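Okay, final-v4.txt is below, compact mmCIF, C-alpha atoms:
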```txt
# COMPACT_ATOMS: atom_id res chain seq x y z
CA MET A 15 0.00 0.00 0.00
CA LYS A 16 1.19 3.49 -0.75
CA LYS A 17 2.42 5.79 2.01
CA ALA A 18 -0.62 8.06 1.62
CA HIS A 19 -2.43 6.02 4.27
CA ILE A 20 0.10 7.26 6.83
CA TYR A 21 -1.74 10.57 6.77
CA ALA A 22 -5.17 9.60 5.49
CA ILE A 23 -6.13 6.92 8.01
CA PRO A 24 -5.52 9.04 11.16
CA ALA A 25 -7.17 12.05 9.48
CA ILE A 26 -10.27 9.97 8.70
CA GLY A 27 -10.29 8.72 12.29
CA ALA A 28 -9.93 12.22 13.73
CA ALA A 29 -12.75 13.46 11.49
CA LEU A 30 -15.04 10.64 12.63
CA ILE A 31 -14.32 11.43 16.29
CA ALA A 32 -14.91 15.15 15.70
CA VAL A 33 -18.25 14.56 13.97
CA LEU A 34 -19.57 12.07 16.54
CA ALA A 35 -18.40 14.26 19.46
CA GLN A 36 -20.96 16.83 18.28
CA ILE A 37 -23.78 14.44 19.11
CA SER A 38 -23.86 15.58 22.70
CA ILE A 39 -26.35 15.67 25.55
CA PRO A 40 -25.27 17.82 28.50
CA ILE A 41 -25.97 15.96 31.74
CA GLY A 42 -23.57 17.69 34.12
CA PRO A 43 -19.86 18.47 34.05
CA VAL A 44 -19.34 15.62 31.59
CA PRO A 45 -21.69 15.45 28.57
CA PHE A 46 -22.94 12.24 26.98
CA THR A 47 -21.46 12.03 23.47
CA LEU A 48 -20.75 9.51 20.76
CA GLN A 49 -17.06 10.46 20.84
CA ASN A 50 -16.02 7.28 22.62
CA PHE A 51 -18.18 5.24 20.21
CA ALA A 52 -16.03 6.64 17.39
CA ILE A 53 -12.84 5.94 19.33
CA GLY A 54 -13.91 2.36 20.02
CA LEU A 55 -14.79 1.74 16.39
CA ILE A 56 -11.48 3.24 15.25
CA ALA A 57 -9.57 1.18 17.82
CA THR A 58 -11.32 -1.96 16.65
CA VAL A 59 -10.61 -1.43 12.96
CA PHE A 60 -7.37 0.59 12.76
CA ARG A 61 -3.86 -0.49 13.61
CA PRO A 62 -2.72 0.69 17.08
CA ARG A 63 -0.45 3.46 15.77
CA ASP A 64 -3.15 4.88 13.54
CA ALA A 65 -5.82 4.60 16.24
CA VAL A 66 -3.64 6.60 18.66
CA LEU A 67 -2.69 9.09 15.94
CA SER A 68 -6.39 9.59 15.17
CA VAL A 69 -7.12 10.54 18.77
CA GLY A 70 -3.93 12.61 19.01
CA LEU A 71 -4.85 14.55 15.88
CA TYR A 72 -8.36 15.08 17.23
CA LEU A 73 -6.91 16.48 20.48
CA LEU A 74 -4.49 18.69 18.54
CA LEU A 75 -7.27 20.07 16.34
CA GLY A 76 -9.30 20.93 19.42
CA ALA A 77 -6.30 22.43 21.22
CA ILE A 78 -5.56 24.83 18.36
CA GLY A 79 -9.12 26.09 18.41
CA LEU A 80 -11.16 24.04 15.97
CA PRO A 81 -14.58 23.30 17.52
CA VAL A 82 -14.22 19.52 17.54
CA PHE A 83 -14.78 18.75 21.21
CA ALA A 84 -18.23 17.94 22.62
CA SER A 85 -20.83 20.61 21.88
CA GLY A 86 -18.38 22.53 19.68
CA GLY A 87 -15.86 23.05 22.45
CA ALA A 88 -12.35 24.09 21.51
CA GLY A 89 -9.13 25.42 22.95
CA PHE A 90 -6.23 24.22 25.03
CA HIS A 91 -8.16 24.98 28.22
CA VAL A 92 -10.41 21.98 27.49
CA LEU A 93 -7.35 19.72 27.69
CA VAL A 94 -6.55 20.96 31.19
CA GLY A 95 -10.12 21.44 32.45
CA PRO A 96 -12.33 19.26 34.66
CA SER A 97 -13.03 16.66 31.96
CA ALA A 98 -9.47 16.59 30.56
CA GLY A 99 -8.77 13.13 31.96
CA TYR A 100 -11.40 11.62 29.71
CA LEU A 101 -9.77 13.16 26.64
CA TRP A 102 -6.19 12.21 27.53
CA PHE A 103 -7.15 8.66 28.45
CA ASP A 104 -8.88 8.33 25.06
CA LEU A 105 -5.32 7.92 23.73
CA VAL A 106 -4.88 4.92 26.05
CA TYR A 107 -8.29 3.53 25.04
CA ALA A 108 -7.43 3.76 21.34
CA GLY A 109 -4.01 2.17 21.69
CA LEU A 110 -4.99 -0.62 24.06
CA ALA A 111 -8.23 -1.66 22.37
CA SER A 112 -6.53 -1.58 18.97
CA TYR A 113 -3.62 -3.66 20.25
CA LEU A 114 -6.02 -6.24 21.71
CA THR A 115 -8.11 -6.63 18.55
CA HIS A 116 -7.14 -8.00 15.15
CA LYS A 117 -8.82 -8.97 11.92
CA ASN A 118 -9.91 -12.34 13.33
CA SER A 119 -11.26 -10.99 16.62
CA GLY A 120 -14.69 -12.19 17.59
CA VAL A 121 -17.46 -10.13 19.10
CA VAL A 122 -16.50 -11.10 22.67
CA ARG A 123 -12.85 -10.12 22.22
CA ILE A 124 -13.86 -6.80 20.65
CA PHE A 125 -16.31 -6.21 23.51
CA LEU A 126 -13.72 -6.97 26.21
CA ALA A 127 -11.00 -4.86 24.55
CA ASN A 128 -13.36 -1.89 24.31
CA LEU A 129 -14.70 -2.44 27.83
CA LEU A 130 -11.14 -2.32 29.19
CA GLY A 131 -10.27 0.78 27.16
CA ASP A 132 -13.48 2.58 28.12
CA SER A 133 -12.97 1.68 31.78
CA LEU A 134 -9.55 3.30 31.69
CA VAL A 135 -11.14 6.46 30.26
CA PHE A 136 -13.39 6.51 33.34
CA VAL A 137 -10.30 6.26 35.55
CA GLY A 138 -8.82 9.27 33.78
CA GLY A 139 -12.11 11.13 34.11
CA ILE A 140 -12.39 10.45 37.83
CA LEU A 141 -8.81 11.60 38.35
CA SER A 142 -9.35 14.87 36.48
CA LEU A 143 -12.67 15.57 38.19
CA HIS A 144 -10.98 14.95 41.54
CA PHE A 145 -7.73 16.84 40.97
CA LEU A 146 -8.75 19.52 38.49
CA ALA A 147 -12.33 20.18 39.59
CA GLY A 148 -11.71 19.50 43.28
CA MET A 149 -14.49 16.91 43.55
CA PRO A 150 -14.30 14.23 46.20
CA ILE A 151 -13.77 10.79 44.60
CA ASP A 152 -17.28 9.62 45.50
CA LYS A 153 -18.87 12.67 43.83
CA ALA A 154 -16.57 12.30 40.79
CA LEU A 155 -17.75 8.70 40.52
CA ALA A 156 -21.40 9.77 40.90
CA VAL A 157 -21.28 12.46 38.19
CA GLY A 158 -18.50 11.17 35.95
CA VAL A 159 -19.11 7.42 35.79
CA LEU A 160 -22.47 6.20 37.07
CA PRO A 161 -24.67 8.07 34.55
CA PHE A 162 -22.56 6.67 31.71
CA ILE A 163 -22.34 2.97 32.58
CA ILE A 164 -25.47 1.80 30.73
CA PRO A 165 -25.01 4.09 27.70
CA ASP A 166 -21.36 3.11 27.39
CA LEU A 167 -22.18 -0.58 27.62
CA ALA A 168 -24.72 -0.07 24.83
CA LYS A 169 -22.07 1.73 22.74
CA ILE A 170 -19.55 -1.05 23.34
CA ILE A 171 -22.09 -3.69 22.33
CA ALA A 172 -22.80 -1.70 19.16
CA ILE A 173 -19.05 -1.36 18.47
CA SER A 174 -18.68 -5.12 18.88
CA PHE A 175 -21.47 -5.99 16.48
CA ILE A 176 -20.50 -3.33 13.95
CA GLY A 177 -16.73 -3.80 14.29
CA ARG A 178 -16.72 -7.54 13.65
CA PRO A 179 -18.32 -7.39 10.18
CA LEU A 180 -16.27 -4.28 9.34
CA LEU A 181 -13.07 -6.17 10.13
CA GLN A 182 -14.20 -9.12 8.01
CA ARG A 183 -15.24 -6.91 5.11
CA LEU A 184 -12.11 -4.76 5.17
CA SER A 185 -9.63 -7.60 5.71
CA SER A 186 -9.20 -8.02 1.96
CA GLN A 187 -7.89 -4.44 1.70
CA PRO A 188 -4.10 -4.10 2.00
CA TYR A 189 -4.09 -1.77 5.02
CA PHE A 190 -6.55 -3.88 7.00
CA SER A 191 -5.09 -7.26 6.05
CA ASN A 192 -2.31 -6.71 8.62
CA LYS A 193 -4.55 -5.56 11.49
```
Is it possible to express this structure as structure tokens?
Amino acid sequence: MKKAHIYAIPAIGAALIAVLAQISIPIGPVPFTLQNFAIGLIATVFRPRDAVLSVGLYLLLGAIGLPVFASGGAGFHVLVGPSAGYLWFDLVYAGLASYLTHKNSGVVRIFLANLLGDSLVFVGGILSLHFLAGMPIDKALAVGVLPFIIPDLAKIIAISFIGRPLLQRLSSQPYFSNK
């Protein structure tokens, strides 16, 4: 495959994250978005390096002022604000879930890889709510994790059932044949 994918794949991933992050429902200091759905799908289908680069590019675009974060948010301050831990740990989610999945991964493996990655995002979120917003851990858990457990499980199930056929379908393409 030509070297063009080096730039195109992460750019496509960052664009998908940016678009789905705009589907946002404010429910407190941390909005419900489809951003982590996009990250999970990217992690499932892309190679680890490209999955992490996709998230990194997304964060960079938001940091320089493009309105790509949830509800059109932008600016470096978002990356150091109360919900910053979620964003930074998205890099971990993308890399880990991508590393744990491959073109022959079944639905259960995809589910478990994404569950682990998403759980680590919650850890990052709790830490930032605690340290950057000054919330006690129990309150950070109550506002930053509990409202999202069921929706995130639904997203991970959807990722698993969408990701598996995508991997099968794309495996004949040169880039995806080595996933």
How many Å separate atom CA of A:Val106 from atom CA of A:Ser186?
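One can read the atom CA of A:Val106 to atom CA of A:Ser186 distance as 27.7 Å.
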Using all atoms listed in the file, determine which residues lie at most 10 Å from A:Leu75, disregarding the query and same-chain residues fewer than 4 positions distant; provide the list as number ranges by chain.
A: 28-29, 32, 69-71, 79-83, 88-90
Check the smallest atom-to-atom distance from each of A:Leu129, A:Ile23, A:Val66, A:Ala84 to A:Ile39 using all atoms listed in the file, then report the winner.
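Result for the nearest residue to A:Ile39: A:Ala84.
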In Å to one decimal, how far is atom CA of A:Asp64 from atom CA of A:Ser185?
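Atom-to-atom, atom CA of A:Ser185 to atom CA of A:Asp64, that is 16.1 Å.
The shortest atom-to-atom distance to A:Leu110, with all atoms listed in the file taken into account, belongs to A:Ala57 out of A:Ala57, A:Val137, A:Ala77, A:Leu155.
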What separation in Å, quoted to one decimal, exists between atom CA of A:His116 and atom CA of A:Leu180?
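So the answer is 11.4 Å.
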Nearest to A:Thr115 by atom-to-atom distance, counting all atoms listed in the file, from A:Val59, A:Val159, A:Leu101, A:Leu130:
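Nearest candidate to A:Thr115 out of A:Val59, A:Val159, A:Leu101, A:Leu130: A:Val59.
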Counting all atoms listed in the file, closest pick from A:Phe60, A:Tyr189, A:Phe145, A:Phe162 relative to A:Ala111 is A:Phe60
Residue nearest A:Gly42 - candidates A:Ala156, A:Ile176, A:Leu105, A:Leu181, atoms counted: all atoms listed in the file:
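Among the listed residues, the smallest separation from A:Gly42 belongs to A:Ala156.
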Can you work out which one of A:Pro43, A:Asn118, A:Gly138, A:Leu143 has the shortest atom-to-atom distance to A:Arg183, counting only C-alpha atoms?
A:Asn118
A:Ile37 surroundings by only C-alpha atoms, 9 Å radius, close-in-sequence under 3 positions cut, as a PyMOL selection string:
chain A and resi 33-34+46-49+84-85
Using only C-alpha atoms, which residues sit within 12 Å of A:Ile140 once same-chain residues fewer than 4 positions away are excluded, as a PyMOL selection string?
chain A and resi 43-44+96-101+103+133-136+144-160
Now that the selection is made, can you save its residues with C-alpha atoms as a CSV table (one decimal), in the frame of the given file?
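out_37.csv, freshly written:
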```
chain,number,residue,atom,x,y,z
A,43,PRO,CA,-19.9,18.5,34.0
A,44,VAL,CA,-19.3,15.6,31.6
A,96,PRO,CA,-12.3,19.3,34.7
A,97,SER,CA,-13.0,16.7,32.0
A,98,ALA,CA,-9.5,16.6,30.6
A,99,GLY,CA,-8.8,13.1,32.0
A,100,TYR,CA,-11.4,11.6,29.7
A,101,LEU,CA,-9.8,13.2,26.6
A,103,PHE,CA,-7.2,8.7,28.4
A,133,SER,CA,-13.0,1.7,31.8
A,134,LEU,CA,-9.6,3.3,31.7
A,135,VAL,CA,-11.1,6.5,30.3
A,136,PHE,CA,-13.4,6.5,33.3
A,144,HIS,CA,-11.0,15.0,41.5
A,145,PHE,CA,-7.7,16.8,41.0
A,146,LEU,CA,-8.8,19.5,38.5
A,147,ALA,CA,-12.3,20.2,39.6
A,148,GLY,CA,-11.7,19.5,43.3
A,149,MET,CA,-14.5,16.9,43.6
A,150,PRO,CA,-14.3,14.2,46.2
A,151,ILE,CA,-13.8,10.8,44.6
A,152,ASP,CA,-17.3,9.6,45.5
A,153,LYS,CA,-18.9,12.7,43.8
A,154,ALA,CA,-16.6,12.3,40.8
A,155,LEU,CA,-17.8,8.7,40.5
A,156,ALA,CA,-21.4,9.8,40.9
A,157,VAL,CA,-21.3,12.5,38.2
A,158,GLY,CA,-18.5,11.2,36.0
A,159,VAL,CA,-19.1,7.4,35.8
A,160,LEU,CA,-22.5,6.2,37.1
```
Got a sec: who's within 7 Å of A:Pro24, counting all atoms listed in the file, leaving out chain neighbours fewer than 5 positions off, as number ranges by chain?
A: 64-65, 67-68
